[in-house]
There are 2 protein chains.
Amino acid sequence: MSTVPDGYDPYAFTPFAVTVDLAVFTVREGRLHVLLVTRGEDPYKGRWALPGGFVLPRESAEEAARRELAEETGLAQDTVCGFHLEQLRTYSDPDRDPRMRVVSVAYAALVPDLPEPRGGGDAAHAQWWEAGATEPLAFDHDRILADAHDRIGARLEYSCLATAFCPAEFTLGELQQVYETVWGVELDRPNFRRKVLTTPGFVQAVEGPPRRTGGRGKPAALYRAGAANALHPPLLRPEGRPEGRTS
Amino acid sequence: MSTVPDGYDPYAFTPFAVTVDLAVFTVREGRLHVLLVTRGEDPYKGRWALPGGFVLPRESAEEAARRELAEETGLAQDTVCGFHLEQLRTYSDPDRDPRMRVVSVAYAALVPDLPEPRGGGDAAHAQWWEAGATEPLAFDHDRILADAHDRIGARLEYSCLATAFCPAEFTLGELQQVYETVWGVELDRPNFRRKVLTTPGFVQAVEGPPRRTGGRGKPAALYRAGAANALHPPLLRPEGRPEGRTS
DNA sequence: CTAATAGTGTCTCTCAGACATTATGTC
DNA sequence: GACATAATGTCTGAGAGACACTATTAG
């Protein structure tokens, strides 16, 4: 049972399949949604699952995830390159796939509200589901999805990436909606405004003061995502734990 | 270039080797140290590297990491089970190993000040190095080590795991030393005390008021790690970014 | 005594929560 | 006009930074 630390003893080497799994999130109609696909083959044939696939011989997991994101959403690589994609963690339970040894690197992607995945190609069986209202998924994807949701919620506290859910130009109301949707809480609007506007580089007012109406209230000013990446000090969730679990 | 999302087309399957790499941290003499091993074979023969090894056919990456931790430190599995071990991220660049396709799941381990790894077995060539003062490491281990340091620093802000660097019973001075060492800053002692003691479940005073002397000052009260896992509100680093990078 | 470390108390400034008020649009 | 949403202003309380001060040990 002794393996040379970084040696590559033939007897110690075991071939694994390596895949990526994606939790692609978006906010639609004030609710958090995740992109799922139907499985066409056994095991778990007919069940819903996170999109994903094999890492090819000459690509990194990151590249594979970006490629799958484009394939499953039916969008061009150029478009998809602007989306936030972040590695979550790797799932390696020996029995997570009943057929063979598969290690999966999970990623979370945050995208603005997209049209329903259009038919054609791999996206034919892809569909948006409300997160938290999904049927039991294939493999360990329920766990991955829950972990991804937790992580995104925590990331909103310490980073500016809520803007990743918004289109290029957005109102502060839309940005607040992102927080409320992901966290499942209501925030005080004046306080939210103050926090966002006093954090340097979080958002950037759009010059020409064109305004956009969301319904029939007063038109809101438009903003773009700023250059800042981290949010300091953080925007903490009201009461309760910072995360659902701490793994 | 189209792969069925979760299908297992024979042509799409590529065998990978899967390894774990460990960044084992400890605090010795007020400086952050990391455990390194010398490589016995090419490539990078004679260079220092993070300890690690293959994931075996019937174990998860987590189990492999725990096993390697025991092997490299020369400690028993029982002992090692008490140490904090946390998955960092997975490194999958196609060229990270010059010989073959190797995907590595990186872990960070936090251990109390241990004796120098005793000779015998795999630990024969293991040694503590001061973090930040290491020679260029093998493979992409410099990057992994830097990522690990960043992550640990960030984790100290929002979690109670600084106690993982301390022995079972410790003084608040020792706990503060952990923060100062990992962050490379000095903290105000009264304020640090207040924060730690008013956070429920961070530490727990040891009953029998035996005190321990660190040198020739007043003896300090002893504490144990509390039940809390998260630190809310966080203990933020003074000025500057929350992390070196945001990857 | 001095030196060194442990522990307490207090002032102030920043910032977040709560919430009243005004502004500007649709119907 | 009513209604809805956007934006501003103000009060307050929690908590962190700064720092003075006391306590207890070794020499």
# chains A, B, ... in the order shown; residues from 1 in each chain; ligands from 1

call {"tool": "interface_residues", "arguments": {"of": "chain A", "to": "chain C", "cutoff": "12 Å", "atoms": "only C-alpha atoms (C1' of nucleotides)", "output": "ChimeraX atom specification"}}
result
/A:187-192,194-195,198-199,211-220,232-239

call {"tool": "write_last_selection", "arguments": {"atoms": "N, CA and C atoms", "output": "short mmCIF file (atom, residue, chain, number, x, y, z; two decimals), in the first residue's frame"}}
result
data_model
loop_
_atom_site.label_atom_id
_atom_site.label_comp_id
_atom_site.auth_asym_id
_atom_site.auth_seq_id
_atom_site.Cartn_x
_atom_site.Cartn_y
_atom_site.Cartn_z
N LEU A 187 -34.37 42.59 0.62
CA LEU A 187 -33.41 43.59 1.09
C LEU A 187 -34.05 44.97 1.07
N ASP A 188 -33.53 45.82 1.92
CA ASP A 188 -34.00 47.21 1.96
C ASP A 188 -33.39 47.97 0.80
N ARG A 189 -34.26 48.55 -0.01
CA ARG A 189 -33.75 49.18 -1.23
C ARG A 189 -32.79 50.33 -0.96
N PRO A 190 -33.14 51.30 -0.13
CA PRO A 190 -32.20 52.41 0.10
C PRO A 190 -30.84 51.92 0.60
N ASN A 191 -30.85 50.96 1.51
CA ASN A 191 -29.58 50.47 2.04
C ASN A 191 -28.78 49.74 0.96
N PHE A 192 -29.49 49.01 0.10
CA PHE A 192 -28.81 48.31 -0.97
C PHE A 192 -28.15 49.30 -1.92
N ARG A 194 -27.18 52.32 -1.31
CA ARG A 194 -26.03 52.96 -0.66
C ARG A 194 -24.81 52.06 -0.71
N LYS A 195 -25.02 50.79 -0.38
CA LYS A 195 -23.90 49.86 -0.36
C LYS A 195 -23.27 49.73 -1.74
N THR A 198 -21.57 53.13 -2.95
CA THR A 198 -20.39 53.60 -2.22
C THR A 198 -19.24 52.61 -2.31
N THR A 199 -19.46 51.45 -2.91
CA THR A 199 -18.37 50.51 -3.12
C THR A 199 -17.68 50.86 -4.43
N ARG A 211 -33.00 56.36 -19.70
CA ARG A 211 -33.55 55.59 -18.61
C ARG A 211 -34.47 54.53 -19.16
N ARG A 212 -34.71 53.55 -18.39
CA ARG A 212 -35.51 52.43 -18.89
C ARG A 212 -36.62 52.14 -17.90
N THR A 213 -37.73 51.80 -18.43
CA THR A 213 -38.85 51.55 -17.54
C THR A 213 -39.04 50.06 -17.33
N GLY A 214 -39.27 49.70 -16.13
CA GLY A 214 -39.49 48.29 -15.83
C GLY A 214 -40.98 47.97 -15.82
N GLY A 215 -41.79 48.96 -15.70
CA GLY A 215 -43.23 48.71 -15.67
C GLY A 215 -43.94 50.04 -15.82
N ARG A 216 -44.46 50.53 -14.74
CA ARG A 216 -45.12 51.82 -14.85
C ARG A 216 -44.68 52.79 -13.75
N GLY A 217 -43.57 52.50 -13.10
CA GLY A 217 -43.07 53.43 -12.10
C GLY A 217 -42.13 54.44 -12.72
N LYS A 218 -41.33 55.05 -11.88
CA LYS A 218 -40.33 56.01 -12.37
C LYS A 218 -39.21 55.26 -13.07
N PRO A 219 -38.75 55.74 -14.21
CA PRO A 219 -37.65 55.06 -14.91
C PRO A 219 -36.39 55.06 -14.04
N ALA A 220 -35.62 54.04 -14.18
CA ALA A 220 -34.42 53.90 -13.35
C ALA A 220 -33.17 54.19 -14.14
N HIS A 232 -15.49 44.83 -0.73
CA HIS A 232 -14.89 45.04 0.57
C HIS A 232 -15.33 46.36 1.15
N PRO A 233 -15.95 46.36 2.31
CA PRO A 233 -16.35 45.19 3.10
C PRO A 233 -17.51 44.46 2.46
N PRO A 234 -17.73 43.22 2.88
CA PRO A 234 -18.73 42.39 2.22
C PRO A 234 -20.15 42.88 2.42
N LEU A 235 -21.03 42.38 1.58
CA LEU A 235 -22.45 42.65 1.69
C LEU A 235 -23.07 41.40 2.30
N LEU A 236 -23.17 41.37 3.62
CA LEU A 236 -23.57 40.14 4.29
C LEU A 236 -25.07 39.92 4.24
N ARG A 237 -25.44 38.66 4.17
CA ARG A 237 -26.84 38.28 4.21
C ARG A 237 -27.44 38.69 5.54
N PRO A 238 -28.67 39.13 5.54
CA PRO A 238 -29.32 39.43 6.81
C PRO A 238 -29.49 38.17 7.63
N GLU A 239 -29.21 38.28 8.92
CA GLU A 239 -29.38 37.19 9.89
C GLU A 239 -29.11 35.81 9.30
#

call {"tool": "select_by_dssp", "arguments": {"residues": "segment 3-233 of chain B", "states": "alpha helix (DSSP H)", "output": "PyMOL selection string"}}
result
chain B and resi 61-73+77-80+141-158+172-183+189-198

call {"tool": "write_last_selection", "arguments": {"atoms": "C-alpha atoms", "output": "PDB file, in the first residue's frame"}}
result
ATOM      1  CA  ALA B  61      -9.713  11.831  -3.769  1.00  0.00           C
ATOM      2  CA  GLU B  62     -10.480  12.829  -0.187  1.00  0.00           C
ATOM      3  CA  GLU B  63      -9.420   9.405   1.063  1.00  0.00           C
ATOM      4  CA  ALA B  64      -6.311   9.494  -1.058  1.00  0.00           C
ATOM      5  CA  ALA B  65      -5.398  12.881   0.370  1.00  0.00           C
ATOM      6  CA  ARG B  66      -5.900  11.671   3.919  1.00  0.00           C
ATOM      7  CA  ARG B  67      -3.791   8.599   3.215  1.00  0.00           C
ATOM      8  CA  GLU B  68      -0.989  10.622   1.686  1.00  0.00           C
ATOM      9  CA  LEU B  69      -1.088  13.018   4.605  1.00  0.00           C
ATOM     10  CA  ALA B  70      -0.466  10.146   6.995  1.00  0.00           C
ATOM     11  CA  GLU B  71       2.280   8.677   4.838  1.00  0.00           C
ATOM     12  CA  GLU B  72       4.163  11.920   4.338  1.00  0.00           C
ATOM     13  CA  THR B  73       3.983  13.130   7.899  1.00  0.00           C
ATOM     14  CA  GLN B  77      -4.223   7.484  10.421  1.00  0.00           C
ATOM     15  CA  ASP B  78      -5.987   8.111  13.733  1.00  0.00           C
ATOM     16  CA  THR B  79      -3.892  11.172  14.398  1.00  0.00           C
ATOM     17  CA  VAL B  80      -4.246  12.487  10.896  1.00  0.00           C
ATOM     18  CA  HIS B 141       3.252  23.242  -7.638  1.00  0.00           C
ATOM     19  CA  ASP B 142       4.343  26.856  -7.193  1.00  0.00           C
ATOM     20  CA  ARG B 143       0.965  27.915  -8.450  1.00  0.00           C
ATOM     21  CA  ILE B 144      -0.858  25.380  -6.304  1.00  0.00           C
ATOM     22  CA  LEU B 145       1.065  26.490  -3.240  1.00  0.00           C
ATOM     23  CA  ALA B 146       0.302  30.137  -3.906  1.00  0.00           C
ATOM     24  CA  ASP B 147      -3.375  29.365  -4.453  1.00  0.00           C
ATOM     25  CA  ALA B 148      -3.433  27.361  -1.240  1.00  0.00           C
ATOM     26  CA  HIS B 149      -1.871  30.199   0.745  1.00  0.00           C
ATOM     27  CA  ASP B 150      -4.419  32.638  -0.644  1.00  0.00           C
ATOM     28  CA  ARG B 151      -7.288  30.346   0.156  1.00  0.00           C
ATOM     29  CA  ILE B 152      -6.165  29.696   3.716  1.00  0.00           C
ATOM     30  CA  GLY B 153      -5.785  33.407   4.299  1.00  0.00           C
ATOM     31  CA  ALA B 154      -9.282  34.045   3.021  1.00  0.00           C
ATOM     32  CA  ARG B 155     -10.730  31.174   5.049  1.00  0.00           C
ATOM     33  CA  LEU B 156      -9.391  32.635   8.267  1.00  0.00           C
ATOM     34  CA  GLU B 157     -11.606  35.650   7.738  1.00  0.00           C
ATOM     35  CA  TYR B 158     -14.880  33.798   7.573  1.00  0.00           C
ATOM     36  CA  LEU B 172      -5.314  33.508  22.709  1.00  0.00           C
ATOM     37  CA  GLY B 173      -1.829  34.772  22.032  1.00  0.00           C
ATOM     38  CA  GLU B 174      -1.058  31.635  20.078  1.00  0.00           C
ATOM     39  CA  LEU B 175      -4.297  31.927  18.149  1.00  0.00           C
ATOM     40  CA  GLN B 176      -3.522  35.521  17.296  1.00  0.00           C
ATOM     41  CA  GLN B 177      -0.069  34.437  16.171  1.00  0.00           C
ATOM     42  CA  VAL B 178      -1.738  32.163  13.606  1.00  0.00           C
ATOM     43  CA  TYR B 179      -3.604  35.066  12.053  1.00  0.00           C
ATOM     44  CA  GLU B 180      -0.577  37.302  12.058  1.00  0.00           C
ATOM     45  CA  THR B 181       1.587  34.622  10.511  1.00  0.00           C
ATOM     46  CA  VAL B 182      -0.779  33.613   7.727  1.00  0.00           C
ATOM     47  CA  TRP B 183      -1.769  37.181   6.890  1.00  0.00           C
ATOM     48  CA  ARG B 189      -4.370  42.282  20.949  1.00  0.00           C
ATOM     49  CA  PRO B 190      -7.305  43.749  22.873  1.00  0.00           C
ATOM     50  CA  ASN B 191      -9.416  43.953  19.747  1.00  0.00           C
ATOM     51  CA  PHE B 192      -8.500  40.414  18.759  1.00  0.00           C
ATOM     52  CA  ARG B 193      -9.458  39.123  22.197  1.00  0.00           C
ATOM     53  CA  ARG B 194     -12.757  40.903  22.069  1.00  0.00           C
ATOM     54  CA  LYS B 195     -13.610  39.525  18.660  1.00  0.00           C
ATOM     55  CA  VAL B 196     -12.711  35.944  19.512  1.00  0.00           C
ATOM     56  CA  LEU B 197     -14.383  35.913  22.909  1.00  0.00           C
ATOM     57  CA  THR B 198     -17.604  37.551  21.788  1.00  0.00           C
TER      58      THR B 198
END

call {"tool": "atom_distance", "arguments": {"atom1": "atom C1' of DA23 of chain D", "atom2": "atom CA of Tyr223 of chain B"}}
result
19.6 Å

call {"tool": "interface_residues", "arguments": {"of": "chain D", "to": "chain A", "cutoff": "12 Å", "atoms": "only C-alpha atoms (C1' of nucleotides)", "output": "JSON, numbers by chain"}}
result
{"D": [3, 4, 5, 6, 7, 8, 9, 10]}

call {"tool": "interface_residues", "arguments": {"of": "chain B", "to": "chain A", "cutoff": "6 Å", "atoms": "only C-alpha atoms", "output": "list in words"}}
result
Pro5, Asp6, Pro15, Phe16, Ala17, Gly52, Gly53, Arg58, Ser60, Ala61, Arg89, Ser92, Asp93 and Pro94 of chain B

call {"tool": "write_last_selection", "arguments": {"atoms": "N, CA and C atoms", "output": "CSV table (one decimal), in the first residue's frame"}}
result
chain,number,residue,atom,x,y,z
B,5,PRO,N,-23.8,14.7,-24.1
B,5,PRO,CA,-23.6,15.3,-22.8
B,5,PRO,C,-23.1,14.3,-21.7
B,6,ASP,N,-23.9,13.3,-21.5
B,6,ASP,CA,-23.4,12.4,-20.4
B,6,ASP,C,-23.3,11.0,-21.0
B,15,PRO,N,-8.4,8.1,-21.2
B,15,PRO,CA,-7.9,7.7,-19.9
B,15,PRO,C,-7.0,8.8,-19.3
B,16,PHE,N,-7.3,9.2,-18.1
B,16,PHE,CA,-6.4,10.2,-17.4
B,16,PHE,C,-5.9,9.5,-16.2
B,17,ALA,N,-4.7,10.0,-15.7
B,17,ALA,CA,-4.3,9.6,-14.4
B,17,ALA,C,-4.8,10.7,-13.5
B,52,GLY,N,2.1,14.1,-2.5
B,52,GLY,CA,0.9,13.7,-3.2
B,52,GLY,C,1.1,12.3,-3.8
B,53,GLY,N,0.1,11.9,-4.6
B,53,GLY,CA,0.2,10.6,-5.2
B,53,GLY,C,-1.1,10.2,-5.9
B,58,ARG,N,-10.1,2.2,-5.7
B,58,ARG,CA,-11.4,2.1,-4.9
B,58,ARG,C,-11.4,3.2,-3.8
B,60,SER,N,-11.8,7.6,-2.8
B,60,SER,CA,-12.1,8.9,-3.3
B,60,SER,C,-10.8,9.8,-3.2
B,61,ALA,N,-10.9,10.9,-3.8
B,61,ALA,CA,-9.7,11.8,-3.8
B,61,ALA,C,-9.5,12.2,-2.3
B,89,ARG,N,-8.8,23.0,-5.3
B,89,ARG,CA,-9.4,23.0,-6.7
B,89,ARG,C,-8.6,22.0,-7.5
B,92,SER,N,-5.7,20.9,-14.3
B,92,SER,CA,-5.9,20.0,-15.4
B,92,SER,C,-5.3,20.4,-16.7
B,93,ASP,N,-4.4,21.4,-16.6
B,93,ASP,CA,-3.7,21.8,-17.8
B,93,ASP,C,-3.1,20.6,-18.5
B,94,PRO,N,-3.3,20.4,-19.8
B,94,PRO,CA,-2.9,19.2,-20.5
B,94,PRO,C,-1.4,19.0,-20.4

call {"tool": "decode", "arguments": {"residues": "chain C", "atoms": "C-alpha atoms (C1' of nucleotides)", "output": "PDB file, in the first residue's frame"}}
result
ATOM      1  C1'  DC C   1      13.026  47.781  40.464  1.00  0.00           C
ATOM      2  C1'  DT C   2      12.453  46.584  34.925  1.00  0.00           C
ATOM      3  C1'  DA C   3      10.915  43.810  31.226  1.00  0.00           C
ATOM      4  C1'  DA C   4       7.497  41.121  29.219  1.00  0.00           C
ATOM      5  C1'  DT C   5       3.221  39.206  28.368  1.00  0.00           C
ATOM      6  C1'  DA C   6      -1.948  38.842  29.740  1.00  0.00           C
ATOM      7  C1'  DG C   7      -6.090  41.090  30.322  1.00  0.00           C
ATOM      8  C1'  DT C   8      -9.673  45.289  30.945  1.00  0.00           C
ATOM      9  C1'  DG C   9     -11.876  49.588  29.809  1.00  0.00           C
ATOM     10  C1'  DT C  10     -13.149  53.385  26.835  1.00  0.00           C
ATOM     11  C1'  DC C  11     -13.607  56.576  23.063  1.00  0.00           C
ATOM     12  C1'  DT C  12     -14.664  57.216  18.324  1.00  0.00           C
ATOM     13  C1'  DC C  13     -15.613  56.378  13.617  1.00  0.00           C
ATOM     14  C1'  DT C  14     -17.606  53.488  10.091  1.00  0.00           C
ATOM     15  C1'  DC C  15     -21.203  51.209   8.462  1.00  0.00           C
ATOM     16  C1'  DA C  16     -25.504  48.720   8.244  1.00  0.00           C
ATOM     17  C1'  DG C  17     -30.520  48.373   9.558  1.00  0.00           C
ATOM     18  C1'  DA C  18     -34.871  50.812   9.797  1.00  0.00           C
ATOM     19  C1'  DC C  19     -37.735  53.892   7.903  1.00  0.00           C
ATOM     20  C1'  DA C  20     -39.642  58.633   6.550  1.00  0.00           C
ATOM     21  C1'  DT C  21     -39.772  61.541   2.566  1.00  0.00           C
ATOM     22  C1'  DT C  22     -39.490  63.258  -2.102  1.00  0.00           C
ATOM     23  C1'  DA C  23     -39.299  62.525  -7.266  1.00  0.00           C
ATOM     24  C1'  DT C  24     -41.059  60.884 -11.573  1.00  0.00           C
ATOM     25  C1'  DG C  25     -43.261  57.990 -14.349  1.00  0.00           C
ATOM     26  C1'  DT C  26     -48.048  55.068 -16.053  1.00  0.00           C
ATOM     27  C1'  DC C  27     -52.873  54.466 -15.739  1.00  0.00           C
TER      28       DC C  27
END
